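**Q** Got a structure for you, questions after.
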Amino acid sequence: MKIIVLKFGGTSVGSLKKIEKVVKIVISYVKKKYKVIVVSSAMEGVTNELLLKTQNIAKNFPEEEKDVILSTGEQIACALIAGKLNDLGYKSRSWLGWQIPIITSGNYSSSRIIEIKKKNIVNYIKKGGIPVITGFQGINNDFRITTLERGGSDTSAILCAKFFKADKCIIFTDVKGIYTTDPNLTKSAKKIEKISYEEMLEMASLGAKVMQPASIQEARLNRIEIDVKSTFSKKNGTIITKKRNILHKNTIRGISFTKNDAKLTLVGVKDKPGVAASIFKPLYENSINVDMVVQNISPVGRETDLTFTVKLEDLSKTRKLVEKNKSIKFKKLIINRNVSKVSIVGVGMITTPGVTFRMFKALAKKKINIEVISTSEIKISVLINKKNLKKSVEILHQEFKLSSSL
Ligand code: ADP
Ligand code: ASP
Ligand code: MG
């Protein structure tokens, strides 16, 4: 049995017309003698609208109920796809996470799939049916509906490929594949033919929304090759695969960026051992993810300035926690919402000296100020003023010759 998982994102099922297109794609794979499993996200914008409803009705909307609401968008999209397939003479039905069931563990809003029970779906496929599975959701041990992190239909699809032992997993989206940078930001972005799990994971974690980071983790762990392509074009997409399968010369593979960071600087912090831990402890306890951190020793006595970034959505909570933190003393708290993090990513960095210098020099030449820096083996990130985002990405794209590579 040749099984293929086809996943469609929000923009691909964004209207009834687009769903008709999706259905045509599904049928084309049935005609190629594949046993097709469809995984769908909610129609474009629906999950955000649902989230807004929970926020507008209550200050502290219970997490459990939030997941019940947020998961409903996928139910609509899947029923529309299955309904249209039936109308065209193909046996199909929708499958909600709890009906399969897709078992999850962990917190609401960020659950992890631990198992997908196969029996019902496999029986259905064997009888010639096309299951249309809701992405982004599951059920936990308390028999409550859960959702994965945002963008989690990618993970649902990849784990369907794992549990159903699919031959192929295709992620259909609104761009023609993975690009050197977001093609919606700059025209110079170039489609990548093949990218390693490691580089894709880094690009996704640093802001390339095209794939959910957790989904790439799962693909890498389970060695599942992913094909990312457009719902609206027949062109080849991008293969996400093992490093070993890739031959390329470029040091840098791509540039990612974020637009939803905030920078906080604590000026004049009393510098003593454990001070950073005292600042970050309450943030950790409240599940706030601190990203970039830099600490400067101030020339004035035993004082220091400490700068860090958090997601914009966590800013007000972070601010309150810092201001009421009795275990630290500081003179002033400065907040900046107009920042963006720009990152260059590439495994070639490990063996190529001078990448950091080239990045900084290219930005300096255009008078772009770097506010914070962080690095890992295969990426360098800088925090800059948001107004310089497009310019910075384009300069770095040029500096590392990303348009002419691949
Ligand atoms: P879907 O609805 O199919 O899940 P998403 O909106 O989650 O799609 O992701 C697709 C979007 O990701 C594209 O429209 C594009 O703007 C953005 N994107 C960001 N970085 C990249 C990149 N490096 N390559 C391709 N797309 C990217
Ligand atoms: N509908 C969900 C979201 O908007 C899941 C997804 O799109 O993958 O986050
Ligand atoms: Mg997505």
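Every chain in the structure tokens takes a letter, A first, then B, and so on in the order presented; its residues are numbered from 1, and the ligands are numbered from 1 following the presented order.
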Tell me, as a VMD selection string, which residues lie within 9 Å of Ile224 (chain A), counting only C-alpha atoms; anything in the same chain fewer than 6 positions away does not count.
**A** chain A and resid 158 161 to 162 168 to 169 218 240 to 241
**Q** Could you take the residues named above and write them with N, CA and C atoms, as a PDB file, in the first residue's frame?
**A**
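Result file follows (out-v4.pdb):
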ATOM      1  N   ILE A 158       3.255  15.467   9.639  1.00  0.00           N
ATOM      2  CA  ILE A 158       4.518  14.719   9.699  1.00  0.00           C
ATOM      3  C   ILE A 158       4.362  13.484  10.588  1.00  0.00           C
ATOM      4  N   ALA A 161       2.527  10.877   8.757  1.00  0.00           N
ATOM      5  CA  ALA A 161       3.467  10.173   7.865  1.00  0.00           C
ATOM      6  C   ALA A 161       4.238   9.125   8.658  1.00  0.00           C
ATOM      7  N   LYS A 162       4.600   9.465   9.891  1.00  0.00           N
ATOM      8  CA  LYS A 162       5.342   8.510  10.723  1.00  0.00           C
ATOM      9  C   LYS A 162       4.465   7.304  11.099  1.00  0.00           C
ATOM     10  N   LYS A 168       5.389   9.175   1.305  1.00  0.00           N
ATOM     11  CA  LYS A 168       5.679  10.578   1.024  1.00  0.00           C
ATOM     12  C   LYS A 168       4.847  11.476   1.926  1.00  0.00           C
ATOM     13  N   CYS A 169       5.390  12.678   2.176  1.00  0.00           N
ATOM     14  CA  CYS A 169       4.636  13.681   2.933  1.00  0.00           C
ATOM     15  C   CYS A 169       4.821  15.020   2.224  1.00  0.00           C
ATOM     16  N   GLU A 218      10.292  16.765  14.649  1.00  0.00           N
ATOM     17  CA  GLU A 218       9.707  15.427  14.492  1.00  0.00           C
ATOM     18  C   GLU A 218      10.208  14.775  13.202  1.00  0.00           C
ATOM     19  N   ILE A 240      12.995  18.809   2.263  1.00  0.00           N
ATOM     20  CA  ILE A 240      13.699  18.924   3.549  1.00  0.00           C
ATOM     21  C   ILE A 240      14.184  17.522   3.888  1.00  0.00           C
ATOM     22  N   THR A 241      15.490  17.379   4.019  1.00  0.00           N
ATOM     23  CA  THR A 241      16.058  16.028   4.124  1.00  0.00           C
ATOM     24  C   THR A 241      17.343  16.019   4.961  1.00  0.00           C
TER      25      THR A 241
END
**Q** At a cut-off of 9 Å, using only C-alpha atoms, what residues contact region 244-257 of chain A? Leave out same-chain residues fewer than 2 positions from it and give the result as a PyMOL selection string.
**A** chain A and resi 179-182+192+194-196+199-200+202-208+241-242+259+340-352+355+378-379+381+389+393+396-397+400-402+405-406
**Q** Taking only residues of chain A that have an atom at most 8 Å from an atom of ligand 3, what is each one's shortest atom pair and its distance in Å to one decimal, using only C-alpha atoms and all ligand atoms, in chain and number order, as a tab-separated table?
**A**
residue	atom	partner	partner_atom_place_in_ligand_line	distance
A:Gly9	CA	ligand 3	1 (Mg)	5.7
A:Gly10	CA	ligand 3	1 (Mg)	7.0
A:Arg150	CA	ligand 3	1 (Mg)	7.9
A:Gly151	CA	ligand 3	1 (Mg)	4.4
A:Gly152	CA	ligand 3	1 (Mg)	7.2
A:Ser153	CA	ligand 3	1 (Mg)	7.1
A:Asp154	CA	ligand 3	1 (Mg)	6.7
A:Thr173	CA	ligand 3	1 (Mg)	7.6
A:Lys209	CA	ligand 3	1 (Mg)	6.3
A:Val210	CA	ligand 3	1 (Mg)	5.6
A:Met211	CA	ligand 3	1 (Mg)	5.9
A:Gln212	CA	ligand 3	1 (Mg)	6.4
**Q** Taking all heavy atoms for each residue, export the selection above as a PDB file, in the first residue's frame.
**A**
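Result saved to out-v8.pdb:
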ATOM      1  N   GLY A   9      -2.347  24.030   4.145  1.00  0.00           N
ATOM      2  CA  GLY A   9      -2.317  25.105   5.139  1.00  0.00           C
ATOM      3  C   GLY A   9      -3.509  26.036   4.993  1.00  0.00           C
ATOM      4  O   GLY A   9      -4.317  25.909   4.061  1.00  0.00           O
ATOM      5  N   GLY A  10      -3.599  26.985   5.913  1.00  0.00           N
ATOM      6  CA  GLY A  10      -4.746  27.891   5.978  1.00  0.00           C
ATOM      7  C   GLY A  10      -5.034  28.644   4.691  1.00  0.00           C
ATOM      8  O   GLY A  10      -6.190  28.768   4.272  1.00  0.00           O
ATOM      9  N   ARG A 150       0.807  26.953  17.649  1.00  0.00           N
ATOM     10  CA  ARG A 150       0.304  27.552  16.405  1.00  0.00           C
ATOM     11  C   ARG A 150       1.123  27.063  15.205  1.00  0.00           C
ATOM     12  O   ARG A 150       2.324  26.865  15.305  1.00  0.00           O
ATOM     13  CB  ARG A 150       0.359  29.087  16.490  1.00  0.00           C
ATOM     14  CG  ARG A 150      -0.565  29.713  17.521  1.00  0.00           C
ATOM     15  CD  ARG A 150      -2.035  29.375  17.287  1.00  0.00           C
ATOM     16  NE  ARG A 150      -2.535  29.761  15.984  1.00  0.00           N
ATOM     17  CZ  ARG A 150      -3.040  30.950  15.679  1.00  0.00           C
ATOM     18  NH1 ARG A 150      -3.121  31.871  16.612  1.00  0.00           N
ATOM     19  NH2 ARG A 150      -3.492  31.199  14.465  1.00  0.00           N
ATOM     20  N   GLY A 151       0.424  26.877  14.116  1.00  0.00           N
ATOM     21  CA  GLY A 151       1.093  26.327  12.929  1.00  0.00           C
ATOM     22  C   GLY A 151       1.251  24.815  13.014  1.00  0.00           C
ATOM     23  O   GLY A 151       1.937  24.201  12.201  1.00  0.00           O
ATOM     24  N   GLY A 152       0.585  24.201  14.001  1.00  0.00           N
ATOM     25  CA  GLY A 152       0.825  22.796  14.334  1.00  0.00           C
ATOM     26  C   GLY A 152       0.279  21.755  13.369  1.00  0.00           C
ATOM     27  O   GLY A 152       0.557  20.560  13.546  1.00  0.00           O
ATOM     28  N   SER A 153      -0.461  22.173  12.358  1.00  0.00           N
ATOM     29  CA  SER A 153      -0.920  21.177  11.370  1.00  0.00           C
ATOM     30  C   SER A 153       0.269  20.545  10.659  1.00  0.00           C
ATOM     31  O   SER A 153       0.170  19.417  10.184  1.00  0.00           O
ATOM     32  CB  SER A 153      -1.804  21.822  10.306  1.00  0.00           C
ATOM     33  OG  SER A 153      -2.869  22.435  10.909  1.00  0.00           O
ATOM     34  N   ASP A 154       1.366  21.285  10.567  1.00  0.00           N
ATOM     35  CA  ASP A 154       2.572  20.704   9.954  1.00  0.00           C
ATOM     36  C   ASP A 154       3.004  19.476  10.761  1.00  0.00           C
ATOM     37  O   ASP A 154       3.328  18.432  10.202  1.00  0.00           O
ATOM     38  CB  ASP A 154       3.722  21.738   9.947  1.00  0.00           C
ATOM     39  CG  ASP A 154       3.431  22.928   9.057  1.00  0.00           C
ATOM     40  OD1 ASP A 154       2.672  22.773   8.091  1.00  0.00           O
ATOM     41  OD2 ASP A 154       3.970  24.025   9.330  1.00  0.00           O
ATOM     42  N   THR A 173       1.430  24.743   0.523  1.00  0.00           N
ATOM     43  CA  THR A 173       1.277  26.051   1.152  1.00  0.00           C
ATOM     44  C   THR A 173       1.085  27.128   0.083  1.00  0.00           C
ATOM     45  O   THR A 173       0.760  26.801  -1.063  1.00  0.00           O
ATOM     46  CB  THR A 173       2.474  26.321   2.102  1.00  0.00           C
ATOM     47  OG1 THR A 173       2.284  27.570   2.756  1.00  0.00           O
ATOM     48  CG2 THR A 173       3.817  26.315   1.384  1.00  0.00           C
ATOM     49  N   LYS A 209       8.091  31.326   9.046  1.00  0.00           N
ATOM     50  CA  LYS A 209       6.801  30.754   9.430  1.00  0.00           C
ATOM     51  C   LYS A 209       6.364  29.583   8.542  1.00  0.00           C
ATOM     52  O   LYS A 209       5.464  28.816   8.894  1.00  0.00           O
ATOM     53  CB  LYS A 209       5.794  31.910   9.320  1.00  0.00           C
ATOM     54  CG  LYS A 209       4.380  31.603   9.612  1.00  0.00           C
ATOM     55  CD  LYS A 209       3.585  32.896   9.585  1.00  0.00           C
ATOM     56  CE  LYS A 209       2.119  32.621   9.756  1.00  0.00           C
ATOM     57  NZ  LYS A 209       1.362  32.860   8.521  1.00  0.00           N
ATOM     58  N   VAL A 210       7.018  29.436   7.397  1.00  0.00           N
ATOM     59  CA  VAL A 210       6.594  28.442   6.404  1.00  0.00           C
ATOM     60  C   VAL A 210       6.503  27.024   6.974  1.00  0.00           C
ATOM     61  O   VAL A 210       5.658  26.241   6.536  1.00  0.00           O
ATOM     62  CB  VAL A 210       7.482  28.537   5.142  1.00  0.00           C
ATOM     63  CG1 VAL A 210       8.940  28.271   5.473  1.00  0.00           C
ATOM     64  CG2 VAL A 210       7.017  27.622   4.041  1.00  0.00           C
ATOM     65  N   MET A 211       7.340  26.683   7.937  1.00  0.00           N
ATOM     66  CA  MET A 211       7.215  25.393   8.619  1.00  0.00           C
ATOM     67  C   MET A 211       7.255  25.626  10.128  1.00  0.00           C
ATOM     68  O   MET A 211       8.042  26.436  10.620  1.00  0.00           O
ATOM     69  CB  MET A 211       8.369  24.454   8.241  1.00  0.00           C
ATOM     70  CG  MET A 211       8.354  23.915   6.832  1.00  0.00           C
ATOM     71  SD  MET A 211       6.903  22.921   6.400  1.00  0.00           S
ATOM     72  CE  MET A 211       7.011  21.548   7.525  1.00  0.00           C
ATOM     73  N   GLN A 212       6.424  24.866  10.853  1.00  0.00           N
ATOM     74  CA  GLN A 212       6.437  25.004  12.306  1.00  0.00           C
ATOM     75  C   GLN A 212       7.695  24.319  12.861  1.00  0.00           C
ATOM     76  O   GLN A 212       7.989  23.177  12.477  1.00  0.00           O
ATOM     77  CB  GLN A 212       5.186  24.337  12.873  1.00  0.00           C
ATOM     78  CG  GLN A 212       4.944  24.680  14.313  1.00  0.00           C
ATOM     79  CD  GLN A 212       4.336  23.531  15.085  1.00  0.00           C
ATOM     80  OE1 GLN A 212       4.514  22.373  14.736  1.00  0.00           O
ATOM     81  NE2 GLN A 212       3.612  23.847  16.137  1.00  0.00           N
TER      82      GLN A 212
END
**Q** Tell me, in Å to one decimal, how far CA of Ile335 (chain A) is from CA of Leu321 (chain A).
**A** 13.8 Å
**Q** Would you compute the distance between CA of Asn141 (chain A) and CA of Trp95 (chain A)? Give it in Å to one decimal.
**A**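 Taking CA of Asn141 (chain A) as the start and CA of Trp95 (chain A) as the end point, the length is 19.0 Å.
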**Q** With distances taken over only C-alpha atoms and all ligand atoms, which of A:Ile27, A:Gly135, A:Gly14, A:Gly106 is nearest to ligand 2?
**A**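 Of the candidates, the smallest distance to ligand 2 is held by A:Gly135.
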**Q** What are the DSSP alpha helix (DSSP H) residues of region 178-355 of chain A, as JSON, numbers by chain?
**A** {"A": [197, 198, 199, 200, 201, 202, 203, 204, 205, 213, 214, 215, 216, 217, 218, 219, 220, 221, 275, 276, 277, 278, 279, 280, 281, 282, 283, 284, 285, 315, 316, 317, 318, 319, 320, 321, 322, 323, 355]}
**Q** Could you report the residues within 12 Å of ligand 2, using only C-alpha atoms and all ligand atoms, as an mmCIF file with N, CA and C atoms, in the first residue's frame?
**A**
data_model
loop_
_atom_site.group_PDB
_atom_site.id
_atom_site.type_symbol
_atom_site.label_atom_id
_atom_site.label_comp_id
_atom_site.auth_asym_id
_atom_site.auth_seq_id
_atom_site.Cartn_x
_atom_site.Cartn_y
_atom_site.Cartn_z
ATOM 1 N N LYS A 7 -0.754 17.657 3.170
ATOM 2 C CA LYS A 7 -1.208 18.638 4.164
ATOM 3 C C LYS A 7 -1.464 19.985 3.495
ATOM 4 N N PHE A 8 -2.597 20.564 3.825
ATOM 5 C CA PHE A 8 -2.939 21.869 3.245
ATOM 6 C C PHE A 8 -3.026 22.915 4.355
ATOM 7 N N GLY A 9 -2.347 24.030 4.145
ATOM 8 C CA GLY A 9 -2.317 25.105 5.139
ATOM 9 C C GLY A 9 -3.509 26.036 4.993
ATOM 10 N N GLY A 10 -3.599 26.985 5.913
ATOM 11 C CA GLY A 10 -4.746 27.891 5.978
ATOM 12 C C GLY A 10 -5.034 28.644 4.691
ATOM 13 N N THR A 11 -3.983 29.143 4.058
ATOM 14 C CA THR A 11 -4.225 29.916 2.830
ATOM 15 C C THR A 11 -4.683 28.989 1.704
ATOM 16 N N SER A 12 -4.239 27.741 1.733
ATOM 17 C CA SER A 12 -4.634 26.789 0.681
ATOM 18 C C SER A 12 -6.120 26.433 0.771
ATOM 19 N N VAL A 13 -6.687 26.532 1.972
ATOM 20 C CA VAL A 13 -8.122 26.234 2.126
ATOM 21 C C VAL A 13 -8.884 27.514 2.504
ATOM 22 N N GLY A 14 -8.307 28.656 2.088
ATOM 23 C CA GLY A 14 -8.820 29.956 2.514
ATOM 24 C C GLY A 14 -10.174 30.360 1.961
ATOM 25 N N VAL A 39 -4.425 16.012 5.514
ATOM 26 C CA VAL A 39 -4.422 16.727 6.800
ATOM 27 C C VAL A 39 -4.665 18.193 6.462
ATOM 28 N N SER A 40 -5.632 18.808 7.146
ATOM 29 C CA SER A 40 -5.890 20.209 6.814
ATOM 30 C C SER A 40 -5.847 21.109 8.037
ATOM 31 N N SER A 41 -5.432 22.331 7.765
ATOM 32 C CA SER A 41 -5.484 23.398 8.755
ATOM 33 C C SER A 41 -6.862 24.064 8.648
ATOM 34 N N ALA A 42 -7.100 25.075 9.468
ATOM 35 C CA ALA A 42 -8.345 25.838 9.387
ATOM 36 C C ALA A 42 -8.259 26.827 8.231
ATOM 37 N N MET A 43 -9.409 27.306 7.775
ATOM 38 C CA MET A 43 -9.392 28.311 6.716
ATOM 39 C C MET A 43 -8.650 29.560 7.226
ATOM 40 N N GLU A 44 -7.954 30.198 6.309
ATOM 41 C CA GLU A 44 -7.108 31.351 6.648
ATOM 42 C C GLU A 44 -7.798 32.348 7.582
ATOM 43 N N GLY A 45 -7.140 32.707 8.650
ATOM 44 C CA GLY A 45 -7.664 33.738 9.563
ATOM 45 C C GLY A 45 -8.616 33.217 10.622
ATOM 46 N N VAL A 46 -9.146 32.007 10.437
ATOM 47 C CA VAL A 46 -10.194 31.513 11.350
ATOM 48 C C VAL A 46 -9.648 31.300 12.765
ATOM 49 N N THR A 47 -8.472 30.679 12.865
ATOM 50 C CA THR A 47 -7.932 30.405 14.208
ATOM 51 C C THR A 47 -7.688 31.718 14.971
ATOM 52 N N ASN A 48 -7.218 32.735 14.261
ATOM 53 C CA ASN A 48 -7.007 34.038 14.915
ATOM 54 C C ASN A 48 -8.317 34.641 15.400
ATOM 55 N N GLU A 49 -9.364 34.513 14.570
ATOM 56 C CA GLU A 49 -10.676 35.051 14.977
ATOM 57 C C GLU A 49 -11.183 34.349 16.230
ATOM 58 N N LEU A 50 -10.980 33.035 16.272
ATOM 59 C CA LEU A 50 -11.441 32.262 17.429
ATOM 60 C C LEU A 50 -10.676 32.680 18.685
ATOM 61 N N LEU A 51 -9.378 32.885 18.503
ATOM 62 C CA LEU A 51 -8.538 33.294 19.631
ATOM 63 C C LEU A 51 -9.017 34.637 20.184
ATOM 64 N N ASP A 67 -8.593 25.609 23.971
ATOM 65 C CA ASP A 67 -8.245 24.579 22.988
ATOM 66 C C ASP A 67 -9.483 24.014 22.296
ATOM 67 N N ILE A 69 -12.168 25.624 21.592
ATOM 68 C CA ILE A 69 -12.585 26.601 20.581
ATOM 69 C C ILE A 69 -11.605 26.650 19.411
ATOM 70 N N LEU A 70 -10.327 26.768 19.736
ATOM 71 C CA LEU A 70 -9.324 26.936 18.672
ATOM 72 C C LEU A 70 -9.274 25.762 17.704
ATOM 73 N N SER A 71 -9.676 24.599 18.186
ATOM 74 C CA SER A 71 -9.592 23.415 17.318
ATOM 75 C C SER A 71 -10.749 23.334 16.317
ATOM 76 N N THR A 72 -11.750 24.212 16.479
ATOM 77 C CA THR A 72 -12.937 24.047 15.631
ATOM 78 C C THR A 72 -12.727 24.478 14.176
ATOM 79 N N GLY A 73 -11.773 25.356 13.950
ATOM 80 C CA GLY A 73 -11.533 25.819 12.573
ATOM 81 C C GLY A 73 -11.199 24.667 11.650
ATOM 82 N N GLU A 74 -10.394 23.742 12.126
ATOM 83 C CA GLU A 74 -9.968 22.602 11.312
ATOM 84 C C GLU A 74 -11.160 21.708 10.978
ATOM 85 N N GLN A 75 -12.103 21.621 11.911
ATOM 86 C CA GLN A 75 -13.284 20.762 11.698
ATOM 87 C C GLN A 75 -14.052 21.218 10.454
ATOM 88 N N ILE A 76 -14.192 22.529 10.313
ATOM 89 C CA ILE A 76 -14.938 23.078 9.170
ATOM 90 C C ILE A 76 -14.205 22.780 7.863
ATOM 91 N N ALA A 77 -12.913 23.085 7.846
ATOM 92 C CA ALA A 77 -12.145 22.897 6.597
ATOM 93 C C ALA A 77 -12.171 21.432 6.168
ATOM 94 N N CYS A 78 -12.000 20.526 7.135
ATOM 95 C CA CYS A 78 -11.939 19.096 6.779
ATOM 96 C C CYS A 78 -13.290 18.592 6.267
ATOM 97 N N SER A 109 -2.624 24.196 24.523
ATOM 98 C CA SER A 109 -2.042 25.185 23.583
ATOM 99 C C SER A 109 -0.660 24.810 23.066
ATOM 100 N N SER A 110 -0.001 23.870 23.722
ATOM 101 C CA SER A 110 1.328 23.478 23.217
ATOM 102 C C SER A 110 1.546 21.993 23.491
ATOM 103 N N THR A 134 -8.128 16.385 10.794
ATOM 104 C CA THR A 134 -7.915 17.748 11.301
ATOM 105 C C THR A 134 -6.499 17.882 11.846
ATOM 106 N N GLY A 135 -5.766 18.859 11.359
ATOM 107 C CA GLY A 135 -4.444 19.133 11.911
ATOM 108 C C GLY A 135 -4.569 19.869 13.226
ATOM 109 N N PHE A 136 -3.438 20.054 13.918
ATOM 110 C CA PHE A 136 -3.352 21.003 15.043
ATOM 111 C C PHE A 136 -4.051 20.535 16.322
ATOM 112 N N GLN A 137 -4.584 19.300 16.352
ATOM 113 C CA GLN A 137 -5.357 18.926 17.552
ATOM 114 C C GLN A 137 -5.211 17.460 17.919
ATOM 115 N N THR A 147 -4.661 21.375 21.707
ATOM 116 C CA THR A 147 -4.074 21.832 20.440
ATOM 117 C C THR A 147 -2.558 21.854 20.572
ATOM 118 N N LEU A 148 -1.924 21.788 19.411
ATOM 119 C CA LEU A 148 -0.464 21.862 19.367
ATOM 120 C C LEU A 148 -0.124 23.345 19.310
ATOM 121 N N GLU A 149 1.133 23.678 19.230
ATOM 122 C CA GLU A 149 1.443 25.100 19.085
ATOM 123 C C GLU A 149 0.914 25.631 17.766
ATOM 124 N N ARG A 150 0.807 26.953 17.649
ATOM 125 C CA ARG A 150 0.304 27.552 16.405
ATOM 126 C C ARG A 150 1.123 27.063 15.205
ATOM 127 N N GLY A 151 0.424 26.877 14.116
ATOM 128 C CA GLY A 151 1.093 26.327 12.929
ATOM 129 C C GLY A 151 1.251 24.815 13.014
ATOM 130 N N GLY A 152 0.585 24.201 14.001
ATOM 131 C CA GLY A 152 0.825 22.796 14.334
ATOM 132 C C GLY A 152 0.279 21.755 13.369
ATOM 133 N N SER A 153 -0.461 22.173 12.358
ATOM 134 C CA SER A 153 -0.920 21.177 11.370
ATOM 135 C C SER A 153 0.269 20.545 10.659
ATOM 136 N N ASP A 154 1.366 21.285 10.567
ATOM 137 C CA ASP A 154 2.572 20.704 9.954
ATOM 138 C C ASP A 154 3.004 19.476 10.761
ATOM 139 N N THR A 155 2.992 19.620 12.074
ATOM 140 C CA THR A 155 3.369 18.496 12.939
ATOM 141 C C THR A 155 2.384 17.344 12.789
ATOM 142 N N SER A 156 1.089 17.665 12.734
ATOM 143 C CA SER A 156 0.087 16.599 12.570
ATOM 144 C C SER A 156 0.393 15.796 11.315
ATOM 145 N N ALA A 157 0.717 16.497 10.231
ATOM 146 C CA ALA A 157 0.968 15.807 8.960
ATOM 147 C C ALA A 157 2.207 14.925 9.053
ATOM 148 N N ILE A 158 3.255 15.467 9.639
ATOM 149 C CA ILE A 158 4.518 14.719 9.699
ATOM 150 C C ILE A 158 4.362 13.484 10.588
ATOM 151 N N ILE A 171 3.778 19.009 2.039
ATOM 152 C CA ILE A 171 3.169 20.159 2.711
ATOM 153 C C ILE A 171 2.809 21.169 1.625
ATOM 154 N N PHE A 172 1.537 21.371 1.398
ATOM 155 C CA PHE A 172 1.096 22.356 0.400
ATOM 156 C C PHE A 172 0.840 23.689 1.095
ATOM 157 N N THR A 173 1.430 24.743 0.523
ATOM 158 C CA THR A 173 1.277 26.051 1.152
ATOM 159 C C THR A 173 1.085 27.128 0.083
ATOM 160 N N LYS A 209 8.091 31.326 9.046
ATOM 161 C CA LYS A 209 6.801 30.754 9.430
ATOM 162 C C LYS A 209 6.364 29.583 8.542
ATOM 163 N N VAL A 210 7.018 29.436 7.397
ATOM 164 C CA VAL A 210 6.594 28.442 6.404
ATOM 165 C C VAL A 210 6.503 27.024 6.974
ATOM 166 N N MET A 211 7.340 26.683 7.937
ATOM 167 C CA MET A 211 7.215 25.393 8.619
ATOM 168 C C MET A 211 7.255 25.626 10.128
ATOM 169 N N GLN A 212 6.424 24.866 10.853
ATOM 170 C CA GLN A 212 6.437 25.004 12.306
ATOM 171 C C GLN A 212 7.695 24.319 12.861
ATOM 172 N N PRO A 213 8.455 24.991 13.729
ATOM 173 C CA PRO A 213 9.710 24.392 14.207
ATOM 174 C C PRO A 213 9.532 22.967 14.769
ATOM 175 N N ALA A 214 8.506 22.763 15.596
ATOM 176 C CA ALA A 214 8.328 21.436 16.212
ATOM 177 C C ALA A 214 8.149 20.352 15.155
ATOM 178 N N SER A 215 7.551 20.717 14.028
ATOM 179 C CA SER A 215 7.306 19.721 12.982
ATOM 180 C C SER A 215 8.628 19.258 12.374
#
**Q** Quick one: pick out all strand (DSSP E or B) residues within region 272-370 of chain A from a backbone DSSP run and write them as a PyMOL selection string.
**A** chain A and resi 293-297+303-311+332-345
**Q** Keeping N, CA and C atoms for every residue in the selection just given, could you write it to a file as a compact mmCIF listing (two decimals), in the first residue's frame?
**A**
# COMPACT_ATOMS: atom_id res chain seq x y z
N VAL A 293 20.10 37.72 25.26
CA VAL A 293 20.47 38.36 26.53
C VAL A 293 21.85 38.99 26.36
N VAL A 294 22.01 40.20 26.89
CA VAL A 294 23.35 40.78 26.93
C VAL A 294 23.50 41.57 28.23
N GLN A 295 24.67 41.43 28.84
CA GLN A 295 24.90 42.13 30.11
C GLN A 295 26.16 42.98 29.97
N ASN A 296 26.03 44.27 30.28
CA ASN A 296 27.20 45.15 30.21
C ASN A 296 27.64 45.52 31.61
N ILE A 297 28.95 45.47 31.85
CA ILE A 297 29.43 45.95 33.14
C ILE A 297 29.49 47.47 33.06
N GLU A 303 27.65 48.12 39.28
CA GLU A 303 26.34 48.12 38.62
C GLU A 303 26.46 47.58 37.21
N THR A 304 25.36 47.08 36.71
CA THR A 304 25.39 46.53 35.36
C THR A 304 24.08 46.90 34.64
N ASP A 305 24.13 46.88 33.31
CA ASP A 305 22.88 47.02 32.54
C ASP A 305 22.60 45.66 31.92
N LEU A 306 21.37 45.23 32.03
CA LEU A 306 21.04 43.93 31.47
C LEU A 306 19.91 44.07 30.46
N THR A 307 20.17 43.58 29.25
CA THR A 307 19.19 43.69 28.17
C THR A 307 18.74 42.30 27.76
N PHE A 308 17.46 42.14 27.53
CA PHE A 308 16.99 40.85 27.00
C PHE A 308 15.74 41.07 26.15
N THR A 309 15.42 40.05 25.35
CA THR A 309 14.23 40.17 24.51
C THR A 309 13.22 39.07 24.86
N VAL A 310 11.95 39.42 24.67
CA VAL A 310 10.86 38.45 24.82
C VAL A 310 9.91 38.67 23.64
N LYS A 311 8.96 37.79 23.48
CA LYS A 311 7.95 37.98 22.44
C LYS A 311 7.05 39.15 22.84
N LYS A 332 16.28 51.89 36.32
CA LYS A 332 15.30 52.23 35.29
C LYS A 332 15.02 51.02 34.41
N LEU A 333 13.80 50.95 33.90
CA LEU A 333 13.47 49.89 32.94
C LEU A 333 13.12 50.55 31.60
N ILE A 334 13.90 50.23 30.56
CA ILE A 334 13.62 50.82 29.24
C ILE A 334 13.06 49.74 28.33
N ILE A 335 11.96 50.07 27.67
CA ILE A 335 11.32 49.08 26.79
C ILE A 335 11.32 49.57 25.35
N ASN A 336 11.65 48.70 24.43
CA ASN A 336 11.62 49.06 23.02
C ASN A 336 10.86 48.00 22.23
N ARG A 337 9.75 48.44 21.63
CA ARG A 337 8.92 47.50 20.85
C ARG A 337 9.31 47.47 19.38
N ASN A 338 10.11 48.43 18.97
CA ASN A 338 10.42 48.56 17.53
C ASN A 338 11.70 47.83 17.15
N VAL A 339 11.76 46.57 17.51
CA VAL A 339 12.97 45.82 17.17
C VAL A 339 12.62 44.59 16.33
N SER A 340 13.60 44.17 15.55
CA SER A 340 13.46 42.94 14.76
C SER A 340 14.73 42.15 14.92
N LYS A 341 14.56 40.85 14.91
CA LYS A 341 15.76 40.00 14.97
C LYS A 341 16.01 39.45 13.57
N VAL A 342 17.21 39.67 13.07
CA VAL A 342 17.57 39.13 11.74
C VAL A 342 18.66 38.09 11.95
N SER A 343 18.48 36.93 11.34
CA SER A 343 19.43 35.83 11.55
C SER A 343 19.90 35.26 10.23
N ILE A 344 21.19 34.99 10.15
CA ILE A 344 21.69 34.23 9.00
C ILE A 344 21.94 32.80 9.48
N VAL A 345 21.59 31.84 8.61
CA VAL A 345 21.63 30.43 9.00
C VAL A 345 22.41 29.63 7.97
**Q** Pick the closest to ligand 1 from A:Leu185, A:Val5, A:Ile81, A:Ile19: which is it, counting only C-alpha atoms and all ligand atoms?
**A** A:Leu185
**Q** Give the answer as one residue: which of A:Phe163, A:Phe232, A:Phe143, A:Phe61 has the shortest atom-to-atom distance to ligand 1, using only C-alpha atoms and all ligand atoms?
**A**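 Nearest to ligand 1: A:Phe232.
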